[in-house]
Amino acid sequence: MALLTPSSQIDLQALQLDDARALLKHDAKDSQQEAGESPTGYLQRVIDGLCEISLKDPLTGLGNRRHLRSTLERAIETVARSGESVLLLLLDIDHFKAINDTHGHLAGDQVLQAIANCLADCVRPMDTVVRYGGEEFAVILPHCRPLFGRAVAERIRQTVASLSIPVAAQTNVQVTISTGGAYAPEWVRSTADLWIERADQQLYRAKTSGRNQVCLDQPQELSVSAEEKGLLFAHIAADEATMIRNLSGDAPPDSQGNATDRVNA
């Protein structure tokens, strides 16, 4: 049964919205009720704003881990239905602790922001870039065939390596990233955890193999044997043969020994 909540029954003064308003204001969003805005409309705008910032990393402005998981779960459903090729990349800044130790944590934050902007500029509007945690990022690339995926990952790696990031007066730093990636299994409903784990294994390979490189887990192709093809498609071949005979006039005789004509309605 629908719950009736007319706008006239919403008392904004009775709601504890101070913390919500403070969060929205901190995120540069208008937290005050506008002139002529109904209580229901205002409350919905506050809720929408809170939902948006709950999926955003406050330092870089990218999506956060919660946003990553929801995007992965939607991608898994798409892959299971359509067999679309979707690539997940995990990227980790090499020797990031040394930057914090040498230049301070503020410099580390500036590096994270610069890398975030670089990643966003390297991908398509349909792609998703998130800060996975700490100095680690993730990129989800839909409609991404294997050869294209490696080219994108290499381009990102080279672009990051070419950055000169200012962290103080007359002080710039350069960093590199290690990248691991995995494709979602096509036509299979996997899980976000398994997908992330496969990409993370490739990231570990990249880190232990010298860093500043890309390691991808290539998608597994589903193979079908000749016997399985026969079982799957034999009925189709039989139907096609019958249709050809009917169209050519070579229809099989009926029980009375007369040729049977079939007419399409």
# chains A, B, ... in the order shown; residues from 1 in each chain; ligands from 1

$ select_by_dssp --residues "range 39-125 of chain A" --states "strand (DSSP E or B)" --output "ChimeraX atom specification"
/A:56,63,87-93

$ residues_around --residues "range 71-86 of chain A" --least-positions-apart "5" --cutoff "9 Å" --atoms "only C-alpha atoms" --output "number ranges by chain"
A: 66, 128, 140-146, 182-192, 195, 219

$ atom_distance --atom1 "CA of Arg155 in chain A" --atom2 "CA of Cys122 in chain A"
7.8 Å

$ select_by_dssp --residues "range 24-140 of chain A" --states "helix (DSSP H, G or I)" --output "JSON, numbers by chain"
{"A": [24, 25, 26, 39, 40, 41, 42, 43, 44, 45, 46, 47, 48, 49, 50, 51, 52, 53, 54, 65, 66, 67, 68, 69, 70, 71, 72, 73, 74, 75, 76, 77, 78, 79, 80, 81, 82, 96, 97, 98, 99, 100, 101, 102, 103, 105, 106, 107, 108, 109, 110, 111, 112, 113, 114, 115, 116, 117, 118, 119, 120, 121, 122]}

$ residues_around --residues "range 162-165 of chain A" --least-positions-apart "3" --cutoff "9 Å" --atoms "only C-alpha atoms" --output "MDAnalysis selection string"
chainID A and resid 110:111 114:115 118 157:159 171:176

$ closest_residue --among "A:Leu216, A:Leu24, A:Val123, A:Ala199" --to "Leu147 in chain A" --atoms "only C-alpha atoms"
A:Leu216

$ closest_residue --among "A:Ile10, A:Ile53, A:Ile156, A:Leu43" --to "Lys25 in chain A" --atoms "only C-alpha atoms"
A:Ile53

$ atom_distance --atom1 "CA of Glu136 in chain A" --atom2 "CA of Leu91 in chain A"
5.6 Å

$ residues_around --residues "Asp19 in chain A" --least-positions-apart "6" --cutoff "12 Å" --atoms "only C-alpha atoms" --output "list in words"
Lys25, His26, Ser31, Val46 and Leu50 of chain A

$ write_last_selection --atoms "all heavy atoms" --output "mmCIF file, in the first residue's frame"
data_model
loop_
_atom_site.group_PDB
_atom_site.id
_atom_site.type_symbol
_atom_site.label_atom_id
_atom_site.label_comp_id
_atom_site.auth_asym_id
_atom_site.auth_seq_id
_atom_site.Cartn_x
_atom_site.Cartn_y
_atom_site.Cartn_z
ATOM 1 N N LYS A 25 26.991 21.526 2.088
ATOM 2 C CA LYS A 25 27.709 22.792 1.968
ATOM 3 C C LYS A 25 29.199 22.551 1.788
ATOM 4 O O LYS A 25 29.871 23.235 1.000
ATOM 5 C CB LYS A 25 27.450 23.652 3.204
ATOM 6 C CG LYS A 25 28.056 25.045 3.115
ATOM 7 C CD LYS A 25 27.688 25.876 4.336
ATOM 8 C CE LYS A 25 28.282 27.274 4.238
ATOM 9 N NZ LYS A 25 27.936 28.104 5.435
ATOM 10 N N HIS A 26 29.742 21.567 2.503
ATOM 11 C CA HIS A 26 31.168 21.244 2.379
ATOM 12 C C HIS A 26 31.495 20.772 0.969
ATOM 13 O O HIS A 26 32.608 20.971 0.475
ATOM 14 C CB HIS A 26 31.540 20.166 3.400
ATOM 15 C CG HIS A 26 32.990 19.801 3.390
ATOM 16 N ND1 HIS A 26 33.487 18.773 2.614
ATOM 17 C CD2 HIS A 26 34.065 20.335 4.040
ATOM 18 C CE1 HIS A 26 34.799 18.682 2.785
ATOM 19 N NE2 HIS A 26 35.173 19.614 3.651
ATOM 20 N N SER A 31 22.581 24.055 0.205
ATOM 21 C CA SER A 31 21.933 23.261 1.247
ATOM 22 C C SER A 31 20.697 23.932 1.814
ATOM 23 O O SER A 31 20.082 23.401 2.744
ATOM 24 C CB SER A 31 22.928 22.986 2.381
ATOM 25 O OG SER A 31 23.386 24.213 2.953
ATOM 26 N N VAL A 46 17.814 17.238 -1.014
ATOM 27 C CA VAL A 46 18.801 16.919 0.018
ATOM 28 C C VAL A 46 19.183 15.440 -0.037
ATOM 29 O O VAL A 46 20.368 15.080 0.022
ATOM 30 C CB VAL A 46 18.248 17.275 1.415
ATOM 31 C CG1 VAL A 46 19.155 16.715 2.516
ATOM 32 C CG2 VAL A 46 18.118 18.790 1.561
ATOM 33 N N LEU A 50 22.891 13.860 -0.878
ATOM 34 C CA LEU A 50 23.596 12.956 0.026
ATOM 35 C C LEU A 50 23.970 11.653 -0.673
ATOM 36 O O LEU A 50 25.058 11.102 -0.455
ATOM 37 C CB LEU A 50 22.729 12.666 1.253
ATOM 38 C CG LEU A 50 22.485 13.843 2.208
ATOM 39 C CD1 LEU A 50 21.511 13.445 3.303
ATOM 40 C CD2 LEU A 50 23.798 14.332 2.814
#

$ atom_distance --atom1 "CA of Asp200 in chain A" --atom2 "CA of Gly180 in chain A"
6.3 Å

$ residues_around --residues "Asn100 in chain A" --least-positions-apart "6" --cutoff "10 Å" --atoms "only C-alpha atoms" --output "PDB file with N, CA, C and O atoms, in the first residue's frame"
ATOM      1  N   LEU A 106      50.677  16.472   2.399  1.00  0.00           N
ATOM      2  CA  LEU A 106      50.014  17.412   1.505  1.00  0.00           C
ATOM      3  C   LEU A 106      50.500  17.208   0.069  1.00  0.00           C
ATOM      4  O   LEU A 106      49.699  17.243  -0.880  1.00  0.00           O
ATOM      5  N   ALA A 107      51.801  16.975  -0.098  1.00  0.00           N
ATOM      6  CA  ALA A 107      52.330  16.676  -1.427  1.00  0.00           C
ATOM      7  C   ALA A 107      51.740  15.374  -1.952  1.00  0.00           C
ATOM      8  O   ALA A 107      51.421  15.254  -3.142  1.00  0.00           O
ATOM      9  N   GLY A 108      51.564  14.398  -1.063  1.00  0.00           N
ATOM     10  CA  GLY A 108      50.942  13.139  -1.473  1.00  0.00           C
ATOM     11  C   GLY A 108      49.530  13.355  -1.981  1.00  0.00           C
ATOM     12  O   GLY A 108      49.113  12.751  -2.980  1.00  0.00           O
ATOM     13  N   ASP A 109      48.776  14.223  -1.294  1.00  0.00           N
ATOM     14  CA  ASP A 109      47.417  14.536  -1.747  1.00  0.00           C
ATOM     15  C   ASP A 109      47.437  15.204  -3.119  1.00  0.00           C
ATOM     16  O   ASP A 109      46.581  14.924  -3.975  1.00  0.00           O
ATOM     17  N   VAL A 111      49.625  14.763  -5.448  1.00  0.00           N
ATOM     18  CA  VAL A 111      49.931  13.716  -6.425  1.00  0.00           C
ATOM     19  C   VAL A 111      48.675  12.905  -6.733  1.00  0.00           C
ATOM     20  O   VAL A 111      48.378  12.614  -7.901  1.00  0.00           O
TER      21      VAL A 111
END
